[in-house]
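Below: the structure, in structure tokens.
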4 protein chains.
Amino acid sequence: MPSQPASGPTFHPETPAGRFLAVRRRTLDLVRGLSDADCTVQSMPDASPAKWHLAHTTWFFETFLLRAADPAHPLFDERYPRLFNSYYESLGPRHPRPQRGLLTRPALPEVIAYRESIDRAVQALLAAGRLDAAGLETLALGLAHEEQHQELLLSDLLHLFAQNPLRPALAPALPAPDTHYTNGDLPVTGWERHDEAIVEIGAGTEGFAFDCERPRHRVLVPAFALARRPVSNGEWMAFIEDRGYANPLLWRADGWDDCCAQRWAAPLYWERSDDEGWQAMTLHGMRPVDPLAPVAHVSWYEADAYATWAGKRLPTEFEWERAAAGRPVEGHFADHPQRTPQAMRADDGELQQLYGGVWEWTASAYSPYPGFRAAPGAVGEYNGKFMAGQYVLRGGSCFTPPTHLRASYRNFFHPDKRWQASGLRLAEDI
Amino acid sequence: MPSQPASGPTFHPETPAGRFLAVRRRTLDLVRGLSDADCTVQSMPDASPAKWHLAHTTWFFETFLLRAADPAHPLFDERYPRLFNSYYESLGPRHPRPQRGLLTRPALPEVIAYRESIDRAVQALLAAGRLDAAGLETLALGLAHEEQHQELLLSDLLHLFAQNPLRPALAPALPAPDTHYTNGDLPVTGWERHDEAIVEIGAGTEGFAFDCERPRHRVLVPAFALARRPVSNGEWMAFIEDRGYANPLLWRADGWDDCCAQRWAAPLYWERSDDEGWQAMTLHGMRPVDPLAPVAHVSWYEADAYATWAGKRLPTEFEWERAAAGRPVEGHFADHPQRTPQAMRADDGELQQLYGGVWEWTASAYSPYPGFRAAPGAVGEYNGKFMAGQYVLRGGSCFTPPTHLRASYRNFFHPDKRWQASGLRLAEDI
Amino acid sequence: MPSQPASGPTFHPETPAGRFLAVRRRTLDLVRGLSDADCTVQSMPDASPAKWHLAHTTWFFETFLLRAADPAHPLFDERYPRLFNSYYESLGPRHPRPQRGLLTRPALPEVIAYRESIDRAVQALLAAGRLDAAGLETLALGLAHEEQHQELLLSDLLHLFAQNPLRPALAPALPAPDTHYTNGDLPVTGWERHDEAIVEIGAGTEGFAFDCERPRHRVLVPAFALARRPVSNGEWMAFIEDRGYANPLLWRADGWDDCCAQRWAAPLYWERSDDEGWQAMTLHGMRPVDPLAPVAHVSWYEADAYATWAGKRLPTEFEWERAAAGRPVEGHFADHPQRTPQAMRADDGELQQLYGGVWEWTASAYSPYPGFRAAPGAVGEYNGKFMAGQYVLRGGSCFTPPTHLRASYRNFFHPDKRWQASGLRLAEDI
Amino acid sequence: MPSQPASGPTFHPETPAGRFLAVRRRTLDLVRGLSDADCTVQSMPDASPAKWHLAHTTWFFETFLLRAADPAHPLFDERYPRLFNSYYESLGPRHPRPQRGLLTRPALPEVIAYRESIDRAVQALLAAGRLDAAGLETLALGLAHEEQHQELLLSDLLHLFAQNPLRPALAPALPAPDTHYTNGDLPVTGWERHDEAIVEIGAGTEGFAFDCERPRHRVLVPAFALARRPVSNGEWMAFIEDRGYANPLLWRADGWDDCCAQRWAAPLYWERSDDEGWQAMTLHGMRPVDPLAPVAHVSWYEADAYATWAGKRLPTEFEWERAAAGRPVEGHFADHPQRTPQAMRADDGELQQLYGGVWEWTASAYSPYPGFRAAPGAVGEYNGKFMAGQYVLRGGSCFTPPTHLRASYRNFFHPDKRWQASGLRLAEDI
């Protein structure tokens with residue numbers, strides 16, 4: 001169990017130093033209550049051990065901030081870069097990703113000591129005012145990077161615990177939602193209409209954004225309507241009952257192959273028992289599936305098949321961003337003690353759960369924006385090399401840190417991935 | 001060896017009956033000189049036997065034309081639909097695709113008899129004027145479909161013959177090009193500049209086009225420049241010599257995985273010998289690689305890595321179509337006796353080999369156009385279900401039938417596929 | 001279809017030349033009626049195309065007889081050794097086994113011309129009396145080798161045709177056996193008892209035998225009883241009905257893994273229909289399973305599980321050889337027009353179908369006899385290198401040439417293989 | 001780190017209770033100094049986590065002793081049988097073997113509490129004298145079973161630590177052997193000759209032995225000579241230098257396939273550096289390879305190829321047992337602080353390291369002895385179901401508990417396995 005200082009330095013949260021400390025502490029908070037073993041095991045090649053997330057995010061600051069600022073800065077441990085580099089080909093050989101879970105050493109306390117050492121060095125750098133503008137940008141990148149790993153840490157931990165027949169919980173179960181398990185509870189969604197327009201897409205030059213969100217550029221978006229809320233678990237049950245997982249005509253060809261090969265018959269983590277109906281594994285253990293909450297842990301292929309079944313389609317990322325533009329980034333994020341999506345309310349004419357809750361798959365392949373250029377150097381490997389074969393998700397989830405999102409934020413995964421808190425919102429042509 | 005009538009009925013090539021006859025005969029012409037064994041074997045799951053192409057295209061007319069027009073129309077052989085349905089899930093069980101090459105029966109003469117029987121029935125239908133507008137549309141679809149299989153038949157045959165150490169040739173070797181094997185022969189390409197504009201993309205409502213080319217719609221295309229010719233073999237040799245296949249920083253992550261796992265080090269079919277330099281397997285046997293001809297048989301991943309290496313990028317399919325709009329569909333197609341790309345000329349200010357020669361990979365994922373809806377019924381499986389994980393190619397190749405193409409034509413393959421005559425043309429932002 | 005001389009040279013069948021001619025002609029007889037395609041396709045990596053068998057056996061004589069006798073003997077085609085060497089590592093690179101079916105060229109007539117050319121050269125060598133004792137031994141080895149490939153050719157062809165939904169037949173169907181589909185038809189087997197004894201096992205120094213049958217040596221064989229006939233199809237149906245394929249306690253651990261992974265539920269080629277009960281694919285097409293005939297196409301794992309279910313065990317190869325010693329080599333071999341096992345008779349106190357019908361799996365791993373040494377040179381690769389992980393079968397089958405067998409004959413396959421005509425005979429301790 | 005009572009009950013080691021306590025304590029001793037994570041991770045499907053070994057051996061006593069004696073005996077935890085049953089098909093569903101490493105819960109302290117609870121119950125049973133003869137046999141079986149898992153625990157831990165680039169050590173490194181790295185140091189072995197004889201093989205009816213060692217029976221063993229010591233690391237280096245890993249003629253066919261596919265070029269855990277020559281991973285970290293010590297961590301395929309290279313062969317298990325009969329069971333076992341094989345001495349006419357040091361692969365497939373019958377019930381799954389496809393090893397290793405062995409003891413593994421301390425001793429025909 002990670003040691004934690006009873007009290008520590010305090011900084012103004014709006015300063016770089018304050019933000020650094022807050023983000024770093026939040027990562028450690030996530031593993032509170034976990035054992036060294038919990039933090040060491042890797043449940044599949046897509047996932048990483050919690051300990052690895054703790055160390056890799058630290059390596060990022062050591063490599064791109066400390067040693068970029070001062071190449072003579074000594075490594076905490078000369079063997080760590082090989083272990084904790086994720087995928088930066090330009091930074092030398094790496095421990096193979098599928099074998100991250102074999103690293104029982106360094107143990108969790110050693111990794112925490114690594115974190116503390118790097119934290120002190122970064123704080124000293126900040127206190128000394130020795131970071132220039134480029135350094136501050138790297139700091140912001142490192143913090144955004146760490147927030148991404150906070151989300152992955154939770155997703156990966158859920159996947160690990162779901163493999164264990166004991167079904168451990170990260171946190172005590174919350175009270176079961178007071179719901180009735182009929183599919184008709186939640187009225188059908190309303191639709192928000194948008195006329196054709198040329199809209200500005202992407203992040204502007206001010207403030208932090210990932211390179212893939214830039215450059216901001218103009219896109220002609222045809223008229224469309226967007227559902228005011230994500231698809232619910234109750235609606236997904238109707239899809240299952242209507243044999244959506246058995247009808248190839250609803251599916252893309254590659255998705256149907258995966259559906260058959262993997263024997264998909266419900267969202268990941270759902271299990272049905274005669275006594276209790278649909279239950280799902282969550283970070284609070286096995287819980288009844290709430291028909292009023294947005295469906296989560298579906299792949300793009302499933303989301304797309306659902307949309308076809310419903311006679312609708314997924315929105316493009318441009319449609320989503322157009323609808324989101326100017327709206328506050330509020331929702332159910334990882335700072336909430338319930339780490340599973342929450343029930344929606346009946347349609348009241350407003351967009352619901354646009355941010356938080358579940359990531360929303362879009363119809364858009366993850367591609368570079370016009371004029372995109374990867375940054376020179378290792379940092380240029382951050383996003384560009386993933387721009388093939390993946391789909392964009394928008395909006396964030398209940399695993400996403402609250403300070404992490406923007407309207408222009410682009411998350412991306414391969415269309416067969418299900419272990420993120422990924423759901424969908426429908427769109428249609430008008 | 002397929003029997004062939006010394007003479008047969010003639011029709012005006014502009015009539016449906018004339019076009020039907022011409023396309024059907026052209027398919028048979030492709031297998032002239034091949035043995036039953038050549039036409040039966042399948043060299044990999046992506047490829048199909050020539051005999052299967054001959055039968056499947058016939059099944060298409062039998063199913064969607066004859067039996068759609070008259071459900072009582074008797075099947076030529078009740079066992080054939082199971083064998084020769086390709087991927088229409090709604091039409092019942094199918095012989096598994098990877099096992100198409102195990103069908104030594106029906107033998108080639110039986111398949112040709114199947115073709116002749118269906119041809120007579122279709123011709124009778126046409127002669128009797130019993131096809132309505134919808135039927136004529138299906139006829140046009142069937143012919144376009146058969147033309148696609150003509151191209152696949154050639155690609156698949158090349159792949160088969162390339163696996164045989166004897167390196168058989170479909171046709172006698174043409175005279176070797178008179179080329180000098182230096183990389184500097186072909187001057188660098190010139191560029192055609194286009195300003196930002198809103199352009200019409202896709203096929204209009206007149207004439208035949210595949211459903212994926214519609215609906216025609218407006219797209220905002222930013223300013224760009226397009227290379228006046230495809231990338232040449234000589235330029236590709238420079239990429240190899242500069243260790244392009246060994247530098248992960250040039251590649252998308254998934255592409256690099258494939259490059260390593262498949263040990264890619266040159267385009268498919270290229271082999272290097274100390275004596276003779278680069279040679280490549282072609283439908284005319286092993287031939288020297290012509291540095292002046294466009295590179296072929298590269299995957300999207302390779303094309304994209306090359307573009308990164310060159311400091312450029314692939315064009316979007318919209319950029320390509322904008323440049324092609326209004327230009328004549330002329331080039332080096334499958335009606336030419338040389339079935340391998342031909343040398344390009346020095347830049348003279350005109351776009352070269354826009355159509356024919358090699359398919360050009362674009363930066364665009366194969367996605368539905370705004371407002372696209374798959375047709376109801378089995379024909380609706382034609383294109384829509386492949387709209388995930390694939391990339392669009394434009395322009396046609398030396399394996400494409402000459403009457404098959406349009407400016408709006410969208411071909412598509414997964415980004416790791418190399419057995420088509422696929423190359424690339426560069427673009428850049430301006 | 002292979003051309004065949006209307007008449008040819010005749011030799012006394014007891015002379016080497018006569019035996020050579022007879023064996024070589026018999027191979028060609030096996031492919032009579034097959035197309036080039038039938039002879040070219042490979043249905044799985046374990047199987048080889050008929051054309052490959054025709055060529056490989058010819059390469060064997062060319063390599064080990066003609067060129068061993070005269071190293072200056074010109075190759076028929078310099079490219080053939082690479083194509084038609086099977087597994088002799090010491091003889092240079094080989095076309096990969098799983099890709100034998102991609103060799104549409106050389107075509108069947110070319111392979112037959114290859115056979116004819118080598119046959120003439122061997123006959124000239126024999127006519128000239130230029131073969132010494134070692135050469136005559138090689139000739140005998142080459143003929144025994146060719147007979148093994150005759151059996152494989154039939155097994156492989158059956159496997160190929162079984163993959164084709166048209167279920168082609170090599171020869172017209174024989175009249176269906178007049179049997180009643182009850183399991184009780186065939187009385188239980190009687191048992192032949194043998195007391196403990198030290199017995200001579202293996203081939204003596206006289207006459208042809210494979211190296212693995214030597215040296216002859218003494219073995220202490222404990223007392224045992226051997227079933228007087230193989231296990232029947234009817235008995236196997238009872239095993240199926242008693243859920244033998246669903247009870248892991250009957251199976252070796254590796255066999256159970258294969259049973260589950262491959263979904264074995266009956267012998268290879270068996271299919272059940274509600275109308276017609278058990279049918280099986282044979283070289284005569286789909287035929288009803290005869291409950292009175294020995295079961296065939298079961299793996300060692302299945303045979304062993306059956307024996308456990310029956311409360312018995314498989315015999316060791318020593319037990320089998322002891323029982324066979326001195327008995328005539330008679331039975332149902334490949335010279336019979338019915339190429340599927342035949343019904344057994346009620347027990348009359350005599351061993352039935354000891355030779356022919358089905359190969360009988362033994363409990364013996366295929367291991368070297370005491371004092372075994374592989375021959376020097378490439379021929380030494382013939383048997384010894386397979387002495388790991390395989391089990392011995394004894395007795396021959398209805399696919400085995402009639403002149404091929406001896407009491408000491410050891411056939412061998414991996415315990416999961418099912419495409420040979422392999423069955424079993426029970427034994428028990430007494 | 002496992003808690004351990006400072007002092008505990010003492011029993012006379014010769015009583016069942018004393019032996020029980022000693023064996024159970026020894027298992028816990030093995031994990032002293034390991035973290036929960038070290039004990040949880042599984043490095044490959046063949047291996048199991050240390051924690052799993054601790055729990056599974058406990059489940060064995062709970063199931064076969066406590067609950068067999070009293071079916072009403074309550075389970076320690078109702079969920080544990082599913083987690084800790086290894087392969088007993090008759091005892092219900094099991095957590096899949098390749099996923100044993102995903103069980104971060106129960107944590108190590110919980111597993112130790114499980115052990116303590118079962119230990120107390122067994123001790124109470126023994127103290128009350130409530131075990132009859134069959135119960136005492138099961139107790140002996142459970143202790144022998146636990147000793148097998150002690151050996152596996154060490155083998156599996158070595159494999160896990162070898163995957164970690166940090167190369168952790170279970171115990172501090174011992175002083176490096178004072179050896180010179182030439183291959184000629186150790187004189188060639190002498191040979192012990194045995195004439196042909198009928199010998200008694202297997203365990204008699206007295207005392208504990210595994211079922212596979214019985215029944216004792218007579219075997220005719222031809223004359224042979226046995227090397228007086230195992231093959232040394234120095235001799236193995238000569239095999240490597242003579243390109244033993246590159247010469248297919250030395251290998252069985254299946255072994256050569258594995259050698260190529262797995263890229264074997266030295267024993268498992270060996271690494272060569274220009275500076276330091278051959279080093280190997282051990283439970284004491286990376287250590288120089290001692291040319292005087294027996295080679296370890298070679299597969300049967302490698303051992304057999306070595307024997308062929310040396311012009312000798314592996315002994316049969318009967319030859320080994322004949323030579324061992326009557327000799328004391330002494331050697332280098334797991335009670336020694338050096339957990340890696342030790343140097344041999346020059347030949348002095350005596351058999352060296354017959355027991356302990358390294359397991360010795362034999363030429364014998366693991367088969368049932370004449371008259372073998374698996375026991376009824378779940379315990380019958382102990383050995384019989386593995387009697388296919390595996391080879392017998394004899395003699396024990398430096399990972400084997402000292403009280404575990406007998407002359408009749410049969411260990412067995414598949415011929416491609418290398419993670420046990422497996423070596424070889426040569427034999428030859430005379």
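Letters A, B, ... go to the chains of the structure tokens in the order shown; residues in each chain start at 1; ligands are counted from 1 in the same order.
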
> Neighbours of Pro294 of chain C within 12 Å (only C-alpha atoms; same-chain residues fewer than 3 positions away dropped), as an MDAnalysis selection string?
Replying inline: chainID C and resid 186 229:237 267 289:291 297:298 332 340:345 352:354 356:360 397:398 421:425

Using N, CA, C and O atoms, can you write the selected residues to a file as a compact mmCIF listing (two decimals), in the first residue's frame?
# COMPACT_ATOMS: atom_id res chain seq x y z
N LEU C 186 -23.10 -57.16 -34.08
CA LEU C 186 -21.87 -57.93 -34.09
C LEU C 186 -21.60 -58.42 -32.67
O LEU C 186 -21.47 -57.62 -31.75
N ARG C 229 -10.71 -59.28 -33.14
CA ARG C 229 -11.05 -58.37 -34.25
C ARG C 229 -10.93 -56.93 -33.79
O ARG C 229 -10.94 -56.64 -32.57
N PRO C 230 -10.81 -56.02 -34.74
CA PRO C 230 -10.79 -54.58 -34.38
C PRO C 230 -12.13 -54.13 -33.81
O PRO C 230 -13.16 -54.81 -33.98
N VAL C 231 -12.11 -52.98 -33.18
CA VAL C 231 -13.33 -52.35 -32.69
C VAL C 231 -14.18 -51.94 -33.90
O VAL C 231 -13.65 -51.42 -34.89
N SER C 232 -15.48 -52.14 -33.80
CA SER C 232 -16.37 -51.90 -34.94
C SER C 232 -17.00 -50.52 -34.87
O SER C 232 -17.05 -49.87 -33.82
N ASN C 233 -17.53 -50.09 -36.00
CA ASN C 233 -18.28 -48.84 -36.04
C ASN C 233 -19.48 -48.88 -35.09
O ASN C 233 -19.81 -47.87 -34.44
N GLY C 234 -20.12 -50.04 -35.01
CA GLY C 234 -21.26 -50.16 -34.11
C GLY C 234 -20.84 -49.94 -32.66
O GLY C 234 -21.53 -49.24 -31.90
N GLU C 235 -19.71 -50.52 -32.29
CA GLU C 235 -19.22 -50.31 -30.93
C GLU C 235 -18.86 -48.84 -30.71
O GLU C 235 -19.06 -48.28 -29.64
N TRP C 236 -18.32 -48.22 -31.75
CA TRP C 236 -17.97 -46.80 -31.62
C TRP C 236 -19.22 -45.94 -31.43
O TRP C 236 -19.21 -44.95 -30.69
N MET C 237 -20.30 -46.31 -32.10
CA MET C 237 -21.56 -45.56 -31.91
C MET C 237 -22.00 -45.63 -30.44
O MET C 237 -22.51 -44.65 -29.89
N PRO C 267 -15.69 -39.99 -35.33
CA PRO C 267 -14.51 -40.13 -36.18
C PRO C 267 -14.52 -39.09 -37.31
O PRO C 267 -15.59 -38.61 -37.71
N VAL C 289 -22.56 -45.44 -42.60
CA VAL C 289 -21.55 -46.10 -41.78
C VAL C 289 -22.00 -47.53 -41.49
O VAL C 289 -23.12 -47.73 -40.98
N ASP C 290 -21.17 -48.48 -41.81
CA ASP C 290 -21.50 -49.89 -41.61
C ASP C 290 -21.11 -50.30 -40.18
O ASP C 290 -19.93 -50.35 -39.86
N PRO C 291 -22.07 -50.61 -39.33
CA PRO C 291 -21.72 -50.91 -37.94
C PRO C 291 -20.87 -52.18 -37.79
O PRO C 291 -20.24 -52.38 -36.76
N HIS C 297 -10.29 -43.80 -39.16
CA HIS C 297 -10.13 -42.35 -39.06
C HIS C 297 -10.35 -41.85 -37.65
O HIS C 297 -10.99 -40.82 -37.42
N VAL C 298 -9.84 -42.59 -36.69
CA VAL C 298 -9.77 -42.08 -35.32
C VAL C 298 -8.31 -41.86 -34.96
O VAL C 298 -7.42 -42.55 -35.45
N HIS C 332 -7.61 -57.06 -46.60
CA HIS C 332 -8.28 -56.14 -47.51
C HIS C 332 -7.35 -54.96 -47.77
O HIS C 332 -7.23 -54.05 -46.95
N THR C 340 -12.80 -48.79 -48.64
CA THR C 340 -13.31 -48.43 -47.33
C THR C 340 -13.45 -49.75 -46.58
O THR C 340 -13.67 -50.78 -47.20
N PRO C 341 -13.25 -49.77 -45.24
CA PRO C 341 -13.19 -51.05 -44.54
C PRO C 341 -14.47 -51.87 -44.71
O PRO C 341 -15.57 -51.33 -44.85
N GLN C 342 -14.28 -53.17 -44.65
CA GLN C 342 -15.39 -54.09 -44.90
C GLN C 342 -15.87 -54.74 -43.60
O GLN C 342 -15.13 -54.85 -42.63
N ALA C 343 -17.10 -55.20 -43.65
CA ALA C 343 -17.74 -55.80 -42.46
C ALA C 343 -16.93 -57.00 -41.95
O ALA C 343 -16.28 -57.71 -42.71
N MET C 344 -16.98 -57.17 -40.65
CA MET C 344 -16.34 -58.33 -40.02
C MET C 344 -17.39 -59.42 -39.81
O MET C 344 -18.59 -59.18 -39.88
N ARG C 345 -16.91 -60.58 -39.52
CA ARG C 345 -17.83 -61.70 -39.26
C ARG C 345 -17.86 -61.95 -37.75
O ARG C 345 -17.01 -61.45 -37.00
N GLN C 352 -9.22 -61.83 -36.82
CA GLN C 352 -9.82 -61.27 -38.04
C GLN C 352 -9.16 -59.95 -38.39
O GLN C 352 -8.89 -59.13 -37.50
N GLN C 353 -9.01 -59.73 -39.69
CA GLN C 353 -8.55 -58.41 -40.20
C GLN C 353 -7.28 -57.95 -39.47
O GLN C 353 -7.13 -56.75 -39.18
N LEU C 354 -6.37 -58.89 -39.22
CA LEU C 354 -5.11 -58.51 -38.59
C LEU C 354 -4.32 -57.61 -39.53
O LEU C 354 -3.79 -56.56 -39.13
N GLY C 356 -4.57 -55.35 -43.15
CA GLY C 356 -5.55 -54.71 -44.03
C GLY C 356 -6.73 -54.16 -43.24
O GLY C 356 -6.80 -54.26 -42.01
N GLY C 357 -7.65 -53.54 -43.98
CA GLY C 357 -8.82 -52.95 -43.33
C GLY C 357 -8.46 -51.61 -42.70
O GLY C 357 -8.60 -50.57 -43.35
N VAL C 358 -8.03 -51.66 -41.44
CA VAL C 358 -7.58 -50.43 -40.77
C VAL C 358 -6.24 -50.66 -40.08
O VAL C 358 -5.99 -51.74 -39.55
N TRP C 359 -5.40 -49.65 -40.08
CA TRP C 359 -4.22 -49.64 -39.23
C TRP C 359 -4.67 -49.68 -37.77
O TRP C 359 -5.68 -49.06 -37.42
N GLU C 360 -3.89 -50.34 -36.95
CA GLU C 360 -4.27 -50.47 -35.54
C GLU C 360 -3.27 -49.71 -34.67
O GLU C 360 -2.08 -50.02 -34.64
N SER C 397 -3.85 -51.19 -43.96
CA SER C 397 -5.24 -50.78 -44.13
C SER C 397 -5.71 -51.07 -45.55
O SER C 397 -4.95 -51.58 -46.39
N CYS C 398 -6.94 -50.69 -45.81
CA CYS C 398 -7.48 -50.86 -47.17
C CYS C 398 -6.87 -49.85 -48.14
O CYS C 398 -7.20 -49.89 -49.33
N ALA C 421 -6.41 -44.25 -42.47
CA ALA C 421 -7.42 -45.25 -42.14
C ALA C 421 -6.99 -45.99 -40.88
O ALA C 421 -6.60 -47.15 -40.91
N SER C 422 -7.06 -45.27 -39.76
CA SER C 422 -6.53 -45.80 -38.50
C SER C 422 -7.66 -46.16 -37.55
O SER C 422 -8.55 -45.36 -37.29
N GLY C 423 -7.61 -47.38 -37.04
CA GLY C 423 -8.57 -47.85 -36.06
C GLY C 423 -7.83 -48.47 -34.88
O GLY C 423 -6.73 -48.02 -34.54
N LEU C 424 -8.43 -49.47 -34.28
CA LEU C 424 -7.79 -50.07 -33.09
C LEU C 424 -8.33 -51.46 -32.84
O LEU C 424 -9.44 -51.82 -33.25
N ARG C 425 -7.52 -52.22 -32.11
CA ARG C 425 -7.86 -53.54 -31.60
C ARG C 425 -7.51 -53.51 -30.12
O ARG C 425 -6.46 -52.97 -29.74

Quick one: contact table of chain A to chain B, 6 Å max, nearest atom pair and distance in Å to one decimal per residue, counting only C-alpha atoms, chain and number order, as a tab-separated table?
residue	atom	partner	partner_atom	distance
A:Leu220	CA	B:Leu220	CA	5.6
A:Arg252	CA	B:Lys385	CA	4.2
A:Ala253	CA	B:Lys385	CA	5.3
A:Lys385	CA	B:Arg252	CA	4.2
A:Phe386	CA	B:Ala253	CA	5.8
A:Gly389	CA	B:Gly389	CA	5.3

>> When DSSP is applied to the backbone of this structure, which of segment 235-417 of chain A are assigned strand (DSSP E or B)? Write them out as a ChimeraX atom specification.
In response: /A:270-273,277-283,285-288,294,313,331-332,355-356,359-365,391-394,411-413

> If you run DSSP on the backbone, which residues of segment 169-366 of chain B are helix (DSSP H, G or I), as number ranges by chain?
Replying inline: B: 211-213, 233-241, 244-246, 248-250, 253-261, 300-309, 317-324

>> as a PyMOL selection string, please: the residues near segment 35-39 of chain C (cut-off 12 Å, only C-alpha atoms, same-chain neighbours under 6 positions excluded).
In response: (chain B and resi 1+34-42+49+51+101-109) or (chain C and resi 1-3+28+47-55+100-112+153-154+156-161+164+168-170)

> Quick one: of D:Thr63, D:Gln338, D:Gln150, D:Asn411, who's nearest to Arg26 of chain D, counting only C-alpha atoms?
Replying inline: D:Gln150

>> Would you pick out the contacts of Arg24 of chain A at 12 Å or less, using only C-alpha atoms, so that residues sharing its chain but fewer than 2 positions from it are not included, and give the list as a PyMOL selection string?
In response: chain A and resi 17-22+26-30+53-55+57-58+61+112+115-116+118-120+122-123+139+142-147+149-150+401

> Quick one, how far is atom CA of Ser117 of chain D from atom CA of His12 of chain D?
Replying inline: 21.2 Å

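One finds atom CA of Trp309 of chain D at 10.7 Å from atom CA of Ile240 of chain D.
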
I'd like the contact shell of segment 322-325 of chain D - 8 Å cut-off, only C-alpha atoms, skipping same-chain residues fewer than 4 positions apart - returned as a CSV table (one decimal) with all heavy atoms, in the first residue's frame.
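Output below, filename around_24.csv:
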chain,number,residue,atom,x,y,z
D,199,VAL,N,15.6,-57.6,-15.3
D,199,VAL,CA,15.6,-56.9,-14.0
D,199,VAL,C,14.2,-56.5,-13.5
D,199,VAL,O,13.3,-56.4,-14.3
D,199,VAL,CB,16.5,-55.6,-14.1
D,199,VAL,CG1,18.0,-55.9,-14.4
D,199,VAL,CG2,16.0,-54.6,-15.1
D,201,ILE,N,11.8,-53.8,-12.3
D,201,ILE,CA,11.6,-52.3,-12.5
D,201,ILE,C,10.4,-51.9,-11.7
D,201,ILE,O,9.4,-52.6,-11.7
D,201,ILE,CB,11.5,-52.0,-14.0
D,201,ILE,CG1,12.8,-52.3,-14.7
D,201,ILE,CG2,11.1,-50.5,-14.2
D,201,ILE,CD1,14.0,-51.4,-14.3
D,226,LEU,N,26.8,-47.0,-19.2
D,226,LEU,CA,26.2,-45.7,-18.7
D,226,LEU,C,27.3,-44.8,-18.3
D,226,LEU,O,28.3,-45.2,-17.6
D,226,LEU,CB,25.3,-45.9,-17.5
D,226,LEU,CG,24.4,-44.7,-17.1
D,226,LEU,CD1,23.3,-44.4,-18.1
D,226,LEU,CD2,23.8,-45.0,-15.7
D,318,PHE,N,14.8,-47.8,-17.9
D,318,PHE,CA,15.1,-49.1,-17.3
D,318,PHE,C,16.6,-49.2,-17.0
D,318,PHE,O,17.0,-49.7,-16.0
D,318,PHE,CB,14.6,-50.2,-18.2
D,318,PHE,CG,13.2,-50.1,-18.5
D,318,PHE,CD1,12.7,-50.2,-19.8
D,318,PHE,CD2,12.2,-49.8,-17.6
D,318,PHE,CE1,11.4,-50.1,-20.2
D,318,PHE,CE2,10.9,-49.7,-17.9
D,318,PHE,CZ,10.5,-49.8,-19.2
D,354,LEU,N,24.2,-39.0,-9.5
D,354,LEU,CA,23.1,-39.8,-10.0
D,354,LEU,C,21.8,-39.2,-9.5
D,354,LEU,O,20.9,-39.0,-10.3
D,354,LEU,CB,23.3,-41.3,-9.5
D,354,LEU,CG,22.3,-42.3,-10.1
D,354,LEU,CD1,22.5,-42.4,-11.6
D,354,LEU,CD2,22.5,-43.6,-9.4
D,407,ALA,N,14.8,-44.8,-6.3
D,407,ALA,CA,15.3,-45.3,-7.6
D,407,ALA,C,14.2,-45.5,-8.6
D,407,ALA,O,14.5,-45.3,-9.8
D,407,ALA,CB,16.0,-46.7,-7.3
